[in-house]
$ cat my_file_30.json   # JSON, C-alpha atoms and all ligand atoms
[["chain", "number", "residue", "atom", "x", "y", "z"],
["A", 9, "GLY", "CA", 156.74, -7.50, -49.27],
["A", 10, "GLN", "CA", 157.43, -10.13, -51.93],
["A", 11, "GLY", "CA", 154.79, -12.64, -50.87],
["A", 12, "LEU", "CA", 156.97, -15.52, -49.64],
["A", 13, "MET", "CA", 154.18, -16.36, -47.16],
["A", 14, "LYS", "CA", 151.21, -15.66, -49.45],
["A", 15, "GLY", "CA", 148.34, -18.06, -48.77],
["A", 16, "ARG", "CA", 150.00, -19.37, -45.61],
["A", 17, "ARG", "CA", 148.26, -19.25, -42.24],
["A", 18, "GLY", "CA", 149.93, -19.48, -38.87],
["A", 19, "LEU", "CA", 149.68, -19.03, -35.13],
["A", 20, "ILE", "CA", 151.93, -16.69, -33.13],
["A", 21, "MET", "CA", 152.19, -17.51, -29.41],
["A", 22, "GLY", "CA", 154.01, -15.25, -26.92],
["A", 23, "LEU", "CA", 153.17, -11.73, -28.06],
["A", 24, "ALA", "CA", 153.10, -9.49, -24.96],
["A", 25, "ASN", "CA", 153.95, -6.06, -26.42],
["A", 26, "ASP", "CA", 155.80, -4.37, -29.29],
["A", 27, "LYS", "CA", 159.17, -5.29, -27.72],
["A", 28, "SER", "CA", 158.39, -9.04, -27.87],
["A", 29, "ILE", "CA", 160.46, -11.23, -30.17],
["A", 30, "ALA", "CA", 157.08, -12.59, -31.33],
["A", 31, "TRP", "CA", 156.28, -9.08, -32.67],
["A", 32, "GLY", "CA", 159.47, -8.95, -34.77],
["A", 33, "ILE", "CA", 158.59, -12.35, -36.21],
["A", 34, "ALA", "CA", 154.91, -11.52, -36.80],
["A", 35, "LYS", "CA", 155.81, -8.34, -38.71],
["A", 36, "ALA", "CA", 158.29, -10.18, -40.97],
["A", 37, "LEU", "CA", 155.71, -12.87, -41.77],
["A", 38, "ALA", "CA", 152.82, -10.45, -42.35],
["A", 39, "ASP", "CA", 155.06, -8.33, -44.59],
["A", 40, "GLN", "CA", 155.40, -11.40, -46.85],
["A", 41, "GLY", "CA", 151.66, -12.00, -46.99],
["A", 42, "ALA", "CA", 151.09, -14.46, -44.11],
["A", 43, "GLU", "CA", 147.66, -14.60, -42.45],
["A", 44, "LEU", "CA", 148.16, -14.64, -38.66],
["A", 45, "ALA", "CA", 146.38, -15.77, -35.51],
["A", 46, "PHE", "CA", 147.63, -14.75, -32.07],
["A", 47, "SER", "CA", 147.32, -16.27, -28.62],
["A", 48, "TYR", "CA", 147.81, -14.23, -25.46],
["A", 49, "GLN", "CA", 148.27, -15.21, -21.83],
["A", 50, "GLY", "CA", 145.39, -13.95, -19.70],
["A", 51, "GLU", "CA", 142.89, -11.12, -20.11],
["A", 52, "ALA", "CA", 145.37, -8.45, -18.95],
["A", 53, "LEU", "CA", 147.38, -8.90, -22.17],
["A", 54, "LYS", "CA", 144.33, -8.88, -24.45],
["A", 55, "ARG", "CA", 144.15, -5.10, -24.67],
["A", 56, "ARG", "CA", 147.81, -5.00, -25.75],
["A", 57, "VAL", "CA", 147.65, -7.87, -28.24],
["A", 58, "GLU", "CA", 144.37, -6.91, -29.93],
["A", 59, "PRO", "CA", 145.61, -3.60, -31.44],
["A", 60, "LEU", "CA", 148.95, -5.14, -32.46],
["A", 61, "ALA", "CA", 147.16, -8.00, -34.24],
["A", 62, "ALA", "CA", 144.89, -5.45, -35.93],
["A", 63, "GLN", "CA", 147.97, -3.59, -37.23],
["A", 64, "LEU", "CA", 148.86, -6.76, -39.13],
["A", 65, "GLY", "CA", 145.31, -7.28, -40.37],
["A", 66, "SER", "CA", 144.41, -10.02, -37.88],
["A", 67, "ASP", "CA", 141.29, -10.31, -35.73],
["A", 68, "LEU", "CA", 141.87, -13.97, -34.85],
["A", 69, "ILE", "CA", 143.13, -13.78, -31.29],
["A", 70, "ALA", "CA", 142.47, -16.20, -28.44],
["A", 71, "GLU", "CA", 143.47, -16.61, -24.81],
["A", 72, "CYS", "CA", 145.84, -19.48, -23.95],
["A", 73, "ASP", "CA", 147.72, -20.34, -20.78],
["A", 74, "VAL", "CA", 150.11, -23.07, -21.91],
["A", 75, "SER", "CA", 150.36, -24.59, -18.43],
["A", 76, "ASP", "CA", 146.73, -25.72, -18.85],
["A", 77, "GLU", "CA", 145.80, -28.51, -21.32],
["A", 78, "VAL", "CA", 142.16, -27.35, -21.43],
["A", 79, "SER", "CA", 143.30, -23.84, -22.33],
["A", 80, "ILE", "CA", 145.48, -25.17, -25.19],
["A", 81, "ASP", "CA", 142.53, -27.22, -26.49],
["A", 82, "GLY", "CA", 140.39, -24.08, -26.31],
["A", 83, "LEU", "CA", 142.91, -22.19, -28.44],
["A", 84, "PHE", "CA", 142.92, -24.85, -31.15],
["A", 85, "ASP", "CA", 139.11, -25.06, -31.08],
["A", 86, "ALA", "CA", 139.00, -21.29, -31.68],
["A", 87, "ILE", "CA", 141.44, -21.59, -34.59],
["A", 88, "ARG", "CA", 139.55, -24.52, -36.13],
["A", 89, "GLN", "CA", 136.35, -22.45, -36.16],
["A", 90, "ARG", "CA", 138.02, -20.10, -38.64],
["A", 91, "TRP", "CA", 140.64, -22.22, -40.42],
["A", 92, "ASP", "CA", 140.51, -25.88, -41.47],
["A", 93, "SER", "CA", 144.29, -26.11, -41.71],
["A", 94, "ILE", "CA", 147.39, -24.32, -40.47],
["A", 95, "ASP", "CA", 150.80, -23.90, -42.12],
["A", 96, "PHE", "CA", 153.07, -22.74, -39.30],
["A", 97, "ILE", "CA", 153.35, -21.99, -35.58],
["A", 98, "VAL", "CA", 155.70, -19.73, -33.63],
["A", 99, "HIS", "CA", 156.25, -20.57, -29.95],
["A", 100, "ALA", "CA", 157.90, -17.57, -28.23],
["A", 101, "ILE", "CA", 157.10, -18.46, -24.63],
["A", 102, "GLY", "CA", 159.22, -19.00, -21.55],
["A", 103, "PHE", "CA", 158.82, -18.46, -17.84],
["A", 104, "SER", "CA", 160.61, -19.00, -14.53],
["A", 105, "ASP", "CA", 160.41, -17.46, -11.05],
["A", 106, "LYS", "CA", 162.31, -14.17, -11.33],
["A", 107, "GLU", "CA", 163.84, -14.73, -7.86],
["A", 108, "GLN", "CA", 165.69, -17.75, -9.30],
["A", 109, "LEU", "CA", 167.05, -15.89, -12.35],
["A", 110, "ARG", "CA", 169.79, -14.54, -10.09],
["A", 111, "GLY", "CA", 172.02, -16.24, -7.57],
["A", 112, "ARG", "CA", 172.96, -19.93, -7.92],
["A", 113, "TYR", "CA", 171.45, -22.61, -10.14],
["A", 114, "ALA", "CA", 172.23, -24.99, -7.27],
["A", 115, "ASP", "CA", 169.47, -23.33, -5.23],
["A", 116, "THR", "CA", 166.66, -23.96, -7.75],
["A", 117, "THR", "CA", 163.58, -25.29, -5.99],
["A", 118, "ARG", "CA", 161.72, -28.39, -7.17],
["A", 119, "ASP", "CA", 158.51, -26.38, -7.66],
["A", 120, "ASN", "CA", 160.18, -23.76, -9.84],
["A", 121, "PHE", "CA", 162.16, -26.39, -11.76],
["A", 122, "LEU", "CA", 158.94, -28.22, -12.67],
["A", 123, "MET", "CA", 157.03, -25.03, -13.50],
["A", 124, "THR", "CA", 159.89, -23.72, -15.69],
["A", 125, "MET", "CA", 160.10, -27.02, -17.58],
["A", 126, "ASP", "CA", 156.31, -27.16, -17.96],
["A", 127, "ILE", "CA", 155.83, -23.66, -19.38],
["A", 128, "SER", "CA", 159.12, -23.32, -21.27],
["A", 129, "VAL", "CA", 159.60, -26.86, -22.61],
["A", 130, "TYR", "CA", 156.56, -29.11, -22.49],
["A", 131, "SER", "CA", 154.25, -26.41, -23.87],
["A", 132, "PHE", "CA", 156.03, -26.54, -27.24],
["A", 133, "THR", "CA", 155.46, -30.29, -27.47],
["A", 134, "ALA", "CA", 151.82, -29.93, -26.38],
["A", 135, "VAL", "CA", 151.21, -27.25, -29.02],
["A", 136, "ALA", "CA", 153.20, -29.06, -31.73],
["A", 137, "ARG", "CA", 151.06, -32.19, -31.40],
["A", 138, "ARG", "CA", 147.82, -30.23, -31.85],
["A", 139, "ALA", "CA", 149.20, -28.07, -34.67],
["A", 140, "ALA", "CA", 150.55, -31.11, -36.54],
["A", 141, "ALA", "CA", 147.03, -32.55, -36.62],
["A", 142, "MET", "CA", 145.98, -29.49, -38.71],
["A", 143, "MET", "CA", 149.12, -29.36, -40.89],
["A", 144, "GLY", "CA", 149.99, -30.85, -44.23],
["A", 145, "PRO", "CA", 153.39, -31.35, -45.88],
["A", 146, "GLY", "CA", 155.27, -28.06, -45.93],
["A", 147, "GLY", "CA", 154.18, -27.21, -42.39],
["A", 148, "SER", "CA", 156.81, -25.53, -40.22],
["A", 149, "MET", "CA", 157.18, -24.93, -36.48],
["A", 150, "LEU", "CA", 159.55, -22.62, -34.64],
["A", 151, "THR", "CA", 160.51, -22.02, -31.02],
["A", 152, "LEU", "CA", 162.94, -19.57, -29.35],
["A", 153, "THR", "CA", 165.98, -20.58, -27.34],
["A", 154, "TYR", "CA", 169.16, -19.04, -25.91],
["A", 155, "TYR", "CA", 172.86, -19.85, -25.71],
["A", 156, "GLY", "CA", 172.44, -20.48, -21.97],
["A", 157, "ALA", "CA", 171.30, -23.96, -23.10],
["A", 158, "GLU", "CA", 174.82, -24.76, -24.35],
["A", 159, "ARG", "CA", 177.12, -22.83, -22.03],
["A", 160, "VAL", "CA", 176.76, -21.38, -18.54],
["A", 161, "MET", "CA", 175.58, -17.77, -18.71],
["A", 162, "PRO", "CA", 175.26, -15.55, -15.62],
["A", 163, "HIS", "CA", 171.87, -15.79, -13.85],
["A", 164, "TYR", "CA", 170.23, -17.88, -16.59],
["A", 165, "ASN", "CA", 170.20, -20.86, -14.22],
["A", 166, "VAL", "CA", 167.18, -23.17, -14.51],
["A", 167, "MET", "CA", 166.16, -21.41, -17.74],
["A", 168, "GLY", "CA", 169.39, -22.73, -19.31],
["A", 169, "VAL", "CA", 168.52, -26.25, -18.25],
["A", 170, "ALA", "CA", 165.01, -25.76, -19.70],
["A", 171, "LYS", "CA", 166.35, -24.41, -23.01],
["A", 172, "ALA", "CA", 168.67, -27.44, -23.33],
["A", 173, "ALA", "CA", 165.61, -29.66, -22.96],
["A", 174, "LEU", "CA", 163.68, -27.46, -25.43],
["A", 175, "GLU", "CA", 166.45, -27.84, -28.05],
["A", 176, "ALA", "CA", 166.44, -31.62, -27.54],
["A", 177, "SER", "CA", 162.66, -31.66, -27.94],
["A", 178, "VAL", "CA", 163.04, -29.77, -31.26],
["A", 179, "ARG", "CA", 165.21, -32.66, -32.52],
["A", 180, "TYR", "CA", 162.76, -35.36, -31.35],
["A", 181, "LEU", "CA", 159.77, -33.49, -32.77],
["A", 182, "ALA", "CA", 161.63, -32.99, -36.07],
["A", 183, "GLU", "CA", 162.06, -36.76, -36.38],
["A", 184, "ASP", "CA", 158.47, -37.58, -35.41],
["A", 185, "LEU", "CA", 156.85, -34.98, -37.67],
["A", 186, "GLY", "CA", 159.36, -35.16, -40.53],
["A", 187, "LYS", "CA", 157.58, -38.26, -41.86],
["A", 188, "ASP", "CA", 154.58, -36.00, -42.56],
["A", 189, "GLY", "CA", 156.68, -33.32, -44.24],
["A", 190, "ILE", "CA", 156.55, -31.01, -41.22],
["A", 191, "ARG", "CA", 159.72, -29.19, -40.13],
["A", 192, "VAL", "CA", 160.61, -28.14, -36.56],
["A", 193, "ASN", "CA", 163.39, -25.67, -35.73],
["A", 194, "ALA", "CA", 164.61, -23.27, -33.05],
["A", 195, "ILE", "CA", 166.20, -19.84, -33.25],
["A", 196, "SER", "CA", 168.82, -19.18, -30.59],
["A", 197, "ALA", "CA", 168.55, -15.39, -30.26],
["A", 198, "GLY", "CA", 171.19, -13.16, -28.76],
["A", 199, "PRO", "CA", 170.09, -11.05, -25.78],
["A", 200, "ILE", "CA", 167.31, -8.54, -26.59],
["A", 201, "LYS", "CA", 165.67, -6.17, -24.13],
["A", 202, "THR", "CA", 162.11, -7.51, -23.67],
["A", 203, "LEU", "CA", 159.71, -7.97, -20.76],
["A", 204, "ALA", "CA", 160.94, -11.54, -20.12],
["A", 205, "ALA", "CA", 164.61, -10.52, -20.36],
["A", 206, "SER", "CA", 164.14, -7.76, -17.77],
["A", 207, "GLY", "CA", 163.58, -10.52, -15.19],
["A", 208, "ILE", "CA", 167.14, -11.80, -15.64],
["A", 209, "GLY", "CA", 169.73, -10.46, -13.20],
["A", 210, "ASP", "CA", 172.33, -8.00, -14.61],
["A", 211, "PHE", "CA", 170.68, -8.11, -18.05],
["A", 212, "ARG", "CA", 172.22, -4.78, -19.08],
["A", 213, "TYR", "CA", 175.68, -6.17, -18.40],
["A", 214, "ILE", "CA", 174.88, -9.25, -20.51],
["A", 215, "LEU", "CA", 173.77, -6.99, -23.39],
["A", 216, "LYS", "CA", 176.99, -4.96, -23.15],
["A", 217, "TRP", "CA", 179.16, -8.10, -22.98],
["A", 218, "ASN", "CA", 177.57, -9.51, -26.13],
["A", 219, "GLU", "CA", 177.92, -6.19, -27.92],
["A", 220, "LEU", "CA", 181.64, -6.01, -27.11],
["A", 221, "ASN", "CA", 182.51, -9.67, -27.71],
["A", 222, "SER", "CA", 180.44, -10.87, -30.68],
["A", 223, "PRO", "CA", 181.99, -10.93, -34.18],
["A", 224, "LEU", "CA", 179.57, -8.24, -35.40],
["A", 225, "ARG", "CA", 180.36, -6.08, -32.30],
["A", 226, "ARG", "CA", 176.67, -5.28, -31.73],
["A", 227, "ASN", "CA", 173.44, -6.84, -30.47],
["A", 228, "VAL", "CA", 170.65, -8.22, -32.65],
["A", 229, "SER", "CA", 167.14, -6.80, -32.99],
["A", 230, "GLN", "CA", 163.68, -8.36, -32.90],
["A", 231, "ASP", "CA", 163.44, -7.63, -36.64],
["A", 232, "GLU", "CA", 166.62, -9.62, -37.35],
["A", 233, "VAL", "CA", 165.15, -12.61, -35.51],
["A", 234, "GLY", "CA", 162.04, -12.01, -37.64],
["A", 235, "LYS", "CA", 164.00, -12.26, -40.90],
["A", 236, "SER", "CA", 165.58, -15.58, -39.88],
["A", 237, "ALA", "CA", 162.19, -16.84, -38.74],
["A", 238, "LEU", "CA", 160.83, -16.01, -42.20],
["A", 239, "TYR", "CA", 163.53, -18.20, -43.74],
["A", 240, "LEU", "CA", 162.78, -21.14, -41.44],
["A", 241, "LEU", "CA", 158.98, -20.83, -41.73],
["A", 242, "SER", "CA", 158.81, -20.25, -45.49],
["A", 243, "ASP", "CA", 159.78, -22.49, -48.41],
["A", 244, "LEU", "CA", 163.28, -20.93, -48.26],
["A", 245, "GLY", "CA", 164.00, -23.28, -45.35],
["A", 246, "SER", "CA", 162.44, -26.36, -46.98],
["A", 247, "GLY", "CA", 165.55, -28.51, -46.42],
["A", 248, "VAL", "CA", 166.10, -27.53, -42.79],
["A", 249, "THR", "CA", 164.71, -29.34, -39.74],
["A", 250, "GLY", "CA", 165.75, -30.18, -36.19],
["A", 251, "GLU", "CA", 168.11, -27.21, -36.27],
["A", 252, "THR", "CA", 169.02, -24.62, -33.64],
["A", 253, "HIS", "CA", 169.91, -21.58, -35.73],
["A", 254, "HIS", "CA", 171.86, -18.83, -33.95],
["A", 255, "VAL", "CA", 170.81, -15.22, -34.56],
["A", 256, "ASP", "CA", 173.28, -13.70, -32.13],
["A", 257, "SER", "CA", 175.82, -11.58, -34.08],
["A", 258, "GLY", "CA", 177.96, -14.74, -34.08],
["A", 259, "TYR", "CA", 178.56, -14.67, -30.32],
["A", 260, "HIS", "CA", 178.36, -18.49, -29.99],
["A", 261, "ILE", "CA", 181.42, -19.12, -32.21],
["A", 262, "VAL", "CA", 183.83, -17.03, -30.16],
["A", 263, "GLY", "CA", 186.32, -18.72, -27.84],
["A", 264, "MET", "CA", 188.21, -15.53, -27.05],
["A", 265, "LYS", "CA", 187.74, -12.25, -28.86],
["A", 266, "ALA", "CA", 190.76, -10.74, -30.55],
["A", 267, "VAL", "CA", 192.00, -7.48, -29.10],
["A", 268, "ASP", "CA", 190.57, -4.68, -31.27],
["A", 269, "ALA", "CA", 193.17, -2.11, -30.29],
["A", 270, "PRO", "CA", 196.81, -3.12, -30.91],
["A", 271, "ASP", "CA", 199.59, -3.10, -28.28],
["A", 272, "ILE", "CA", 197.56, -4.37, -25.31],
["A", 301, "LIG", "P1", 158.27, -11.48, -23.85],
["A", 301, "LIG", "O1", 158.10, -11.19, -22.40],
["A", 301, "LIG", "O2", 157.88, -10.42, -24.80],
["A", 301, "LIG", "O3", 157.53, -12.83, -24.25],
["A", 301, "LIG", "C1", 157.39, -13.92, -23.37],
["A", 301, "LIG", "C2", 155.97, -14.43, -23.58],
["A", 301, "LIG", "O4", 155.75, -15.64, -22.84],
["A", 301, "LIG", "C3", 154.91, -13.42, -23.09],
["A", 301, "LIG", "O5", 154.06, -13.10, -24.17],
["A", 301, "LIG", "C4", 154.16, -14.18, -22.01],
["A", 301, "LIG", "O6", 152.80, -13.85, -21.99],
["A", 301, "LIG", "C5", 154.38, -15.62, -22.48],
["A", 301, "LIG", "N1", 154.09, -16.60, -21.44],
["A", 301, "LIG", "C6", 154.73, -16.80, -20.24],
["A", 301, "LIG", "N2", 154.09, -17.76, -19.53],
["A", 301, "LIG", "C7", 153.03, -18.17, -20.29],
["A", 301, "LIG", "C8", 151.99, -19.12, -20.10],
["A", 301, "LIG", "N3", 151.89, -19.85, -18.98],
["A", 301, "LIG", "N4", 151.07, -19.28, -21.09],
["A", 301, "LIG", "C9", 151.15, -18.54, -22.23],
["A", 301, "LIG", "N5", 152.11, -17.64, -22.46],
["A", 301, "LIG", "C10", 153.04, -17.45, -21.50],
["A", 301, "LIG", "O7", 159.83, -11.84, -24.01],
["A", 301, "LIG", "P2", 160.70, -12.42, -25.24],
["A", 301, "LIG", "O8", 162.10, -12.13, -24.89],
["A", 301, "LIG", "O9", 160.15, -11.94, -26.52],
["A", 301, "LIG", "O10", 160.50, -13.99, -25.10],
["A", 301, "LIG", "C11", 160.08, -14.85, -26.16],
["A", 301, "LIG", "C12", 160.95, -16.11, -26.21],
["A", 301, "LIG", "O11", 162.25, -15.76, -26.63],
["A", 301, "LIG", "C13", 161.12, -16.83, -24.86],
["A", 301, "LIG", "O12", 161.10, -18.23, -25.08],
["A", 301, "LIG", "C14", 162.52, -16.40, -24.45],
["A", 301, "LIG", "O13", 163.12, -17.33, -23.56],
["A", 301, "LIG", "C15", 163.19, -16.39, -25.80],
["A", 301, "LIG", "N6", 164.48, -15.70, -25.88],
["A", 301, "LIG", "C16", 164.58, -14.39, -25.46],
["A", 301, "LIG", "C17", 165.80, -13.74, -25.53],
["A", 301, "LIG", "C18", 165.96, -12.31, -25.08],
["A", 301, "LIG", "O14", 167.08, -11.89, -24.81],
["A", 301, "LIG", "N7", 164.89, -11.56, -24.97],
["A", 301, "LIG", "C19", 166.93, -14.41, -26.06],
["A", 301, "LIG", "C20", 166.79, -15.72, -26.49],
["A", 301, "LIG", "C21", 165.56, -16.36, -26.40]]
$ encode --input "my_file_30.json" --output "structure tokens" --more "lines below"
Ligand code: NAD
Amino acid sequence: GQGLMKGRRGLIMGLANDKSIAWGIAKALADQGAELAFSYQGEALKRRVEPLAAQLGSDLIAECDVSDEVSIDGLFDAIRQRWDSIDFIVHAIGFSDKEQLRGRYADTTRDNFLMTMDISVYSFTAVARRAAAMMGPGGSMLTLTYYGAERVMPHYNVMGVAKAALEASVRYLAEDLGKDGIRVNAISAGPIKTLAASGIGDFRYILKWNELNSPLRRNVSQDEVGKSALYLLSDLGSGVTGETHHVDSGYHIVGMKAVDAPDI
């Protein structure tokens, strides 16, 4: 690594396994010298997260269920015991009832709507407020979103509505925290096969569609999201805030793909 993140400390939220987007991001940051803390959801994930954190030289890991304010406070207490300040956070968390990531958006229940918004949207704001209290100028925050926020994608349903709200919250947070020199951005990643993605109906078809129809004619990897995250979280992105940056092989710019083979 070249040390773009040397001397910078940050929290990675949403690591479940080595397929997680959070893992691609954590590796890119650690490779450039970042010092990392990790939060995991529930004891069952601890035995997965602990060895991954250790691979990147981190033993600062703490449990956090973002639907619980007390649990979020506990996470920040644990971090404050080791660090007196923090330079960045990565929020790679989303959740909805799998049964409603198929079928019609129109059938979303009130309970699942509220839970999806709570875990996938409000949690970023709740974490941002606490992180900002430990951050100085140059601080940077990042969350993960998807094109289903902007356009209707099959089966994404209430998650698309939640991501639209998440992207709006990135803009409001960017304005609030910008006065203190803190930047807030989102990466809109193309489809990637992860644990969360496997809950979405027909996910393999979505992957294939993006591969065939994006300008680069392929899907993106966790590591490519990691490289863009490095830009937004390091000084390279110092002039960028409130942005939703697409890392999707260019899929979002296409109205209709040109025919690759002639004479059709
Ligand atoms: P993943 O399953 O590896 O990560 C999702 C994480 O959310 C898990 O670590 C899980 O523990 C955590 N989580 C869920 N509920 C939680 C709660 N109540 N408290 C704390 N943590 C909780 O899947 P991923 O695809 O890496 O997802 C990371 C982010 O990327 C999500 O916001 C997802 O919507 C977004 N995203 C994914 C894709 C894709 O195709 N995989 C595309 C665009 C955006």
$ residues_near_ligand --input "my_file_30.json" --ligand "ligand LIG 301 (chain A)" --cutoff "9 Å" --atoms "all atoms listed in the file" --output "PyMOL selection string"
chain A and resi 21-32+47-50+53+71-76+99-104+126-128+131+151-156+167+171+195-206+211+215+230+256
$ closest_atom_pairs --input "my_file_30.json" --of "segment 91-202 of chain A" --to "segment 240-255 of chain A" --cutoff "7 Å" --atoms "all atoms listed in the file" --output "tab-separated table"
residue	atom	partner	partner_atom	distance
A:Phe96	CA	A:Leu241	CA	6.7
A:Ser148	CA	A:Leu241	CA	5.4
A:Met149	CA	A:Leu241	CA	6.9
A:Glu175	CA	A:Thr252	CA	6.9
A:Val178	CA	A:Gly250	CA	5.6
A:Arg179	CA	A:Gly250	CA	4.5
A:Ala182	CA	A:Gly250	CA	5.0
A:Arg191	CA	A:Thr249	CA	5.0
A:Val192	CA	A:Thr249	CA	5.3
A:Asn193	CA	A:Glu251	CA	5.0
A:Ala194	CA	A:Thr252	CA	4.6
A:Ile195	CA	A:His253	CA	4.8
A:Ser196	CA	A:His254	CA	4.5
A:Ala197	CA	A:Val255	CA	4.9
A:Gly198	CA	A:Val255	CA	6.2
$ closest_residue --input "my_file_30.json" --among "A:Gly11, A:Gly18, A:Gly41, A:Pro162" --to "Arg112 of chain A" --atoms "all atoms listed in the file"
A:Pro162
$ atom_distance --input "my_file_30.json" --atom1 "atom CA of Ser229 of chain A" --atom2 "atom CA of Leu44 of chain A"
21.3 Å
$ closest_residue --input "my_file_30.json" --among "A:Gly186, A:Met161, A:Asn120, A:Asp67" --to "Glu107 of chain A" --atoms "all atoms listed in the file"
A:Asn120
$ atom_distance --input "my_file_30.json" --atom1 "atom CA of Ala42 of chain A" --atom2 "atom CA of Arg17 of chain A"
5.9 Å
